[in-house]
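Asks: Structure supplied as protein-v8.txt; contents: compact mmCIF, N, CA and C atoms.
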# COMPACT_ATOMS: atom_id res chain seq x y z
N MET A 289 73.65 8.26 -26.74
CA MET A 289 72.36 7.86 -26.21
C MET A 289 71.48 9.10 -26.02
N GLU A 290 70.26 9.01 -26.43
CA GLU A 290 69.33 10.13 -26.35
C GLU A 290 68.89 10.35 -24.90
N LYS A 291 68.81 11.62 -24.49
CA LYS A 291 68.39 11.94 -23.13
C LYS A 291 66.91 11.59 -22.96
N GLN A 292 66.57 10.88 -21.90
CA GLN A 292 65.19 10.48 -21.65
C GLN A 292 64.47 11.58 -20.88
N LYS A 293 63.19 11.75 -21.21
CA LYS A 293 62.36 12.69 -20.47
C LYS A 293 61.31 11.89 -19.71
N VAL A 294 61.03 12.32 -18.51
CA VAL A 294 60.02 11.66 -17.69
C VAL A 294 58.97 12.69 -17.34
N GLN A 295 57.71 12.37 -17.60
CA GLN A 295 56.59 13.24 -17.26
C GLN A 295 55.76 12.54 -16.20
N PRO A 296 55.84 13.00 -14.94
CA PRO A 296 55.02 12.40 -13.89
C PRO A 296 53.54 12.58 -14.19
N LEU A 297 52.72 11.68 -13.70
CA LEU A 297 51.28 11.74 -13.91
C LEU A 297 50.58 12.38 -12.72
N ALA A 298 49.45 13.01 -12.99
CA ALA A 298 48.55 13.59 -11.99
C ALA A 298 49.30 14.48 -10.99
N ASP A 299 49.24 14.13 -9.68
CA ASP A 299 49.83 14.99 -8.65
C ASP A 299 51.19 14.49 -8.20
N ARG A 300 51.90 13.81 -9.09
CA ARG A 300 53.24 13.31 -8.76
C ARG A 300 54.32 14.28 -9.25
N VAL A 301 55.47 14.23 -8.57
CA VAL A 301 56.58 15.14 -8.84
C VAL A 301 57.87 14.31 -8.94
N LEU A 302 58.70 14.61 -9.94
CA LEU A 302 60.01 13.96 -10.07
C LEU A 302 61.03 14.85 -9.38
N VAL A 303 61.72 14.30 -8.37
CA VAL A 303 62.66 15.07 -7.55
C VAL A 303 64.05 14.44 -7.65
N GLU A 304 65.05 15.29 -7.83
CA GLU A 304 66.45 14.85 -7.78
C GLU A 304 66.96 15.14 -6.37
N PRO A 305 67.24 14.09 -5.58
CA PRO A 305 67.72 14.34 -4.21
C PRO A 305 69.05 15.08 -4.23
N LEU A 306 69.22 16.02 -3.33
CA LEU A 306 70.48 16.75 -3.20
C LEU A 306 71.45 15.90 -2.38
N GLU A 307 72.73 16.11 -2.60
CA GLU A 307 73.76 15.34 -1.89
C GLU A 307 73.68 15.60 -0.39
N ALA A 308 73.88 14.54 0.38
CA ALA A 308 73.89 14.66 1.84
C ALA A 308 75.14 15.42 2.28
N GLU A 309 75.04 16.05 3.44
CA GLU A 309 76.16 16.82 3.98
C GLU A 309 77.35 15.91 4.26
N GLU A 310 78.55 16.37 3.92
CA GLU A 310 79.78 15.62 4.15
C GLU A 310 80.32 15.86 5.56
N LYS A 311 79.99 17.03 6.13
CA LYS A 311 80.50 17.40 7.45
C LYS A 311 79.36 17.90 8.33
N THR A 312 79.56 17.79 9.64
CA THR A 312 78.61 18.37 10.57
C THR A 312 78.91 19.86 10.70
N ALA A 313 78.06 20.60 11.40
CA ALA A 313 78.28 22.03 11.60
C ALA A 313 79.59 22.28 12.35
N GLY A 314 80.02 21.31 13.17
CA GLY A 314 81.27 21.44 13.92
C GLY A 314 82.50 21.03 13.13
N GLY A 315 82.31 20.57 11.89
CA GLY A 315 83.44 20.22 11.04
C GLY A 315 83.83 18.76 11.06
N ILE A 316 83.05 17.91 11.72
CA ILE A 316 83.36 16.47 11.75
C ILE A 316 82.90 15.84 10.44
N VAL A 317 83.78 15.06 9.80
CA VAL A 317 83.45 14.40 8.54
C VAL A 317 82.56 13.19 8.82
N ILE A 318 81.45 13.08 8.06
CA ILE A 318 80.51 11.98 8.25
C ILE A 318 80.84 10.87 7.24
N PRO A 319 81.12 9.65 7.70
CA PRO A 319 81.38 8.56 6.76
C PRO A 319 80.10 8.15 6.02
N ASP A 320 80.25 7.57 4.82
CA ASP A 320 79.09 7.17 4.02
C ASP A 320 78.13 6.27 4.78
N SER A 321 78.65 5.37 5.60
CA SER A 321 77.80 4.42 6.32
C SER A 321 76.92 5.10 7.38
N ALA A 322 77.29 6.29 7.81
CA ALA A 322 76.54 6.99 8.86
C ALA A 322 75.63 8.08 8.31
N LYS A 323 75.69 8.35 7.00
CA LYS A 323 74.85 9.40 6.43
C LYS A 323 73.39 8.98 6.43
N GLU A 324 72.53 9.92 6.76
CA GLU A 324 71.10 9.66 6.73
C GLU A 324 70.57 9.92 5.33
N LYS A 325 69.45 9.31 5.02
CA LYS A 325 68.82 9.51 3.73
C LYS A 325 68.45 10.98 3.58
N GLN A 326 68.81 11.57 2.45
CA GLN A 326 68.56 12.99 2.21
C GLN A 326 67.07 13.27 2.12
N GLN A 327 66.63 14.39 2.69
CA GLN A 327 65.23 14.78 2.68
C GLN A 327 65.03 16.09 1.92
N LYS A 328 66.03 16.48 1.15
CA LYS A 328 65.97 17.73 0.40
C LYS A 328 66.25 17.40 -1.06
N GLY A 329 65.55 18.07 -1.98
CA GLY A 329 65.79 17.80 -3.38
C GLY A 329 65.32 18.93 -4.28
N LYS A 330 65.61 18.77 -5.57
CA LYS A 330 65.25 19.76 -6.58
C LYS A 330 64.19 19.14 -7.50
N VAL A 331 63.11 19.88 -7.73
CA VAL A 331 62.03 19.40 -8.59
C VAL A 331 62.50 19.45 -10.05
N VAL A 332 62.42 18.31 -10.72
CA VAL A 332 62.86 18.19 -12.11
C VAL A 332 61.68 18.23 -13.07
N ALA A 333 60.54 17.64 -12.68
CA ALA A 333 59.35 17.62 -13.52
C ALA A 333 58.12 17.48 -12.62
N VAL A 334 56.99 18.00 -13.08
CA VAL A 334 55.74 17.90 -12.31
C VAL A 334 54.62 17.37 -13.21
N GLY A 335 53.65 16.71 -12.58
CA GLY A 335 52.48 16.23 -13.30
C GLY A 335 51.52 17.37 -13.61
N LYS A 336 50.44 17.04 -14.30
CA LYS A 336 49.45 18.06 -14.71
C LYS A 336 48.69 18.65 -13.53
N GLY A 337 48.48 17.86 -12.47
CA GLY A 337 47.77 18.36 -11.31
C GLY A 337 46.86 17.32 -10.71
N ARG A 338 46.30 17.66 -9.56
CA ARG A 338 45.40 16.78 -8.82
C ARG A 338 44.02 16.81 -9.48
N ILE A 339 43.44 15.64 -9.68
CA ILE A 339 42.10 15.55 -10.28
C ILE A 339 41.09 15.48 -9.15
N THR A 340 40.16 16.42 -9.13
CA THR A 340 39.15 16.47 -8.07
C THR A 340 38.02 15.49 -8.38
N GLU A 341 37.12 15.32 -7.42
CA GLU A 341 36.01 14.37 -7.58
C GLU A 341 35.10 14.74 -8.75
N ASP A 342 35.00 16.04 -9.06
CA ASP A 342 34.14 16.45 -10.18
C ASP A 342 34.90 16.48 -11.52
N GLY A 343 36.14 15.95 -11.53
CA GLY A 343 36.89 15.81 -12.77
C GLY A 343 37.75 17.00 -13.17
N LYS A 344 37.77 18.04 -12.36
CA LYS A 344 38.60 19.21 -12.68
C LYS A 344 40.04 18.96 -12.24
N VAL A 345 40.99 19.59 -12.94
CA VAL A 345 42.40 19.46 -12.62
C VAL A 345 42.86 20.68 -11.84
N THR A 346 43.39 20.45 -10.63
CA THR A 346 43.93 21.52 -9.80
C THR A 346 45.45 21.52 -9.98
N PRO A 347 46.04 22.63 -10.48
CA PRO A 347 47.50 22.65 -10.68
C PRO A 347 48.27 22.46 -9.37
N LEU A 348 49.49 21.96 -9.48
CA LEU A 348 50.33 21.74 -8.31
C LEU A 348 50.96 23.05 -7.84
N GLU A 349 51.29 23.11 -6.55
CA GLU A 349 51.94 24.29 -5.99
C GLU A 349 53.41 24.34 -6.33
N VAL A 350 54.06 23.17 -6.42
CA VAL A 350 55.49 23.14 -6.71
C VAL A 350 55.72 23.28 -8.21
N LYS A 351 56.88 23.84 -8.55
CA LYS A 351 57.24 24.06 -9.94
C LYS A 351 58.65 23.52 -10.19
N VAL A 352 58.97 23.31 -11.45
CA VAL A 352 60.31 22.84 -11.82
C VAL A 352 61.35 23.81 -11.27
N ASN A 353 62.44 23.28 -10.76
CA ASN A 353 63.58 24.00 -10.15
C ASN A 353 63.34 24.43 -8.71
N ASP A 354 62.16 24.20 -8.13
CA ASP A 354 61.95 24.48 -6.71
C ASP A 354 62.80 23.50 -5.89
N GLN A 355 63.37 23.98 -4.78
CA GLN A 355 64.02 23.08 -3.82
C GLN A 355 62.98 22.77 -2.76
N VAL A 356 62.82 21.47 -2.46
CA VAL A 356 61.76 21.04 -1.56
C VAL A 356 62.29 20.14 -0.45
N LEU A 357 61.53 20.09 0.64
CA LEU A 357 61.77 19.14 1.73
C LEU A 357 60.67 18.10 1.66
N PHE A 358 61.03 16.83 1.83
CA PHE A 358 60.03 15.77 1.78
C PHE A 358 60.29 14.78 2.91
N GLY A 359 59.31 13.94 3.21
CA GLY A 359 59.44 12.96 4.28
C GLY A 359 60.55 11.97 4.01
N ARG A 360 61.17 11.48 5.08
CA ARG A 360 62.33 10.58 4.97
C ARG A 360 62.05 9.35 4.12
N TYR A 361 60.88 8.77 4.22
CA TYR A 361 60.58 7.53 3.49
C TYR A 361 59.55 7.77 2.39
N SER A 362 59.48 8.98 1.89
CA SER A 362 58.51 9.33 0.85
C SER A 362 58.96 8.88 -0.52
N GLY A 363 58.00 8.61 -1.37
CA GLY A 363 58.27 8.40 -2.77
C GLY A 363 58.83 7.04 -3.14
N THR A 364 59.05 6.90 -4.44
CA THR A 364 59.60 5.69 -5.03
C THR A 364 60.89 6.05 -5.73
N GLU A 365 61.96 5.33 -5.42
CA GLU A 365 63.25 5.60 -6.06
C GLU A 365 63.23 5.03 -7.47
N VAL A 366 63.69 5.83 -8.45
CA VAL A 366 63.78 5.39 -9.85
C VAL A 366 65.12 5.83 -10.42
N LYS A 367 65.59 5.10 -11.41
CA LYS A 367 66.83 5.45 -12.09
C LYS A 367 66.44 5.81 -13.52
N VAL A 368 66.81 7.02 -13.95
CA VAL A 368 66.54 7.48 -15.30
C VAL A 368 67.88 7.87 -15.91
N GLY A 369 68.29 7.14 -16.94
CA GLY A 369 69.62 7.37 -17.50
C GLY A 369 70.65 7.07 -16.43
N ALA A 370 71.54 8.01 -16.18
CA ALA A 370 72.57 7.83 -15.16
C ALA A 370 72.17 8.42 -13.81
N GLY A 371 71.00 9.05 -13.74
CA GLY A 371 70.60 9.73 -12.51
C GLY A 371 69.64 8.95 -11.65
N ASP A 372 69.70 9.20 -10.34
CA ASP A 372 68.76 8.62 -9.38
C ASP A 372 67.77 9.69 -8.96
N TYR A 373 66.49 9.35 -8.99
CA TYR A 373 65.43 10.30 -8.70
C TYR A 373 64.40 9.66 -7.77
N LEU A 374 63.50 10.49 -7.28
CA LEU A 374 62.34 10.04 -6.52
C LEU A 374 61.08 10.53 -7.22
N ILE A 375 60.06 9.69 -7.27
CA ILE A 375 58.75 10.14 -7.71
C ILE A 375 57.90 10.23 -6.44
N ILE A 376 57.44 11.45 -6.15
CA ILE A 376 56.76 11.74 -4.89
C ILE A 376 55.40 12.36 -5.19
N LYS A 377 54.38 12.00 -4.41
CA LYS A 377 53.09 12.68 -4.50
C LYS A 377 53.26 14.07 -3.87
N GLU A 378 52.56 15.04 -4.40
CA GLU A 378 52.70 16.40 -3.86
C GLU A 378 52.35 16.45 -2.38
N ASP A 379 51.43 15.61 -1.92
CA ASP A 379 51.07 15.58 -0.50
C ASP A 379 52.24 15.21 0.41
N ASP A 380 53.23 14.49 -0.13
CA ASP A 380 54.39 14.07 0.66
C ASP A 380 55.48 15.14 0.71
N ILE A 381 55.32 16.21 -0.05
CA ILE A 381 56.27 17.33 0.00
C ILE A 381 55.86 18.22 1.18
N LEU A 382 56.81 18.45 2.08
CA LEU A 382 56.51 19.17 3.31
C LEU A 382 56.65 20.67 3.16
N ALA A 383 57.62 21.13 2.33
CA ALA A 383 57.88 22.56 2.21
C ALA A 383 58.68 22.87 0.97
N ILE A 384 58.55 24.11 0.50
CA ILE A 384 59.38 24.63 -0.57
C ILE A 384 60.41 25.54 0.09
N ILE A 385 61.69 25.35 -0.26
CA ILE A 385 62.76 26.17 0.32
C ILE A 385 62.92 27.40 -0.55
N ARG A 386 62.79 28.57 0.03
CA ARG A 386 62.91 29.83 -0.73
C ARG A 386 64.26 30.45 -0.50
Show the structure stored in the file as structure tokens.
Replies:
Amino acid sequence: MEKQKVQPLADRVLVEPLEAEEKTAGGIVIPDSAKEKQQKGKVVAVGKGRITEDGKVTPLEVKVNDQVLFGRYSGTEVKVGAGDYLIIKEDDILAIIR
């Protein structure tokens, strides 16, 4: 099967959520039913940029391979091939992890 490519539109970003922590800082194992939705991910693809009122395109701040933090209920979950991803507007990205 051929690998599919997804190109987000405008100011949208395709993010691969990172796996949730298996243990707490104290070493307690967290069961799957108690894990919270992950808020950290890796940028896989970005759109061309935000279109301003005068029609100009402003490039996005995030780039492919950036690790980002986003809001808990941000974005739309999508399945591409065997992977699960989120499509998020750049405004919903809270920070880039350096």
Asks: Excluding range 359-361 of chain A and any residue of its chain fewer than 4 positions from it, enumerate the residues within 6 Å of it, using only N, CA and C atoms, and give them as a ChimeraX atom specification.
Replies: /A:327,380-382
Asks: Can you tell me, as a VMD selection string, what residues are no more than 6.5 Å from range 335-348 of chain A when counting only N, CA and C atoms, ignoring any on the same chain fewer than 2 positions away?
Replies: chain A and resid 295 to 302 333 350 to 351
Asks: Do a neighbour search on Lys293 in chain A at 12 Å with only C-alpha atoms, toss out local chain neighbours closer than 5 positions, and write the hits as a PyMOL selection string.
Replies: chain A and resi 302+332-334+367-369+371
Asks: Report, in Å with one decimal, the straight-line distance from CA of Val356 in chain A to CA of Ile316 in chain A.
Replies: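 We find that CA of Val356 in chain A and CA of Ile316 in chain A lie 25.8 Å from each other.
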Asks: Report, in Å to a single decimal, how far apart atom C of Glu304 in chain A and atom C of Glu378 in chain A are.
Replies: 15.2 Å
Asks: Just checking: using only C-alpha atoms, which residue out of A:Glu307, A:Ala383, A:Ile376, A:Lys330 ends up closest to Gln355 in chain A?
Replies: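 With only C-alpha atoms as the atom set, the closest residue is A:Lys330.
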Asks: Go ahead and compute the interatomic distance for CA of Asp379 in chain A and CA of Ser362 in chain A, in Å to one decimal.
Replies: 9.8 Å
Asks: Restricting the calculation to all atoms listed in the file: of A:Leu357, A:Leu374, A:Val352, A:Leu306, which residue gets closest to Val331 in chain A?
Replies: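 Of all the options, A:Val352 lies closest to Val331 in chain A.
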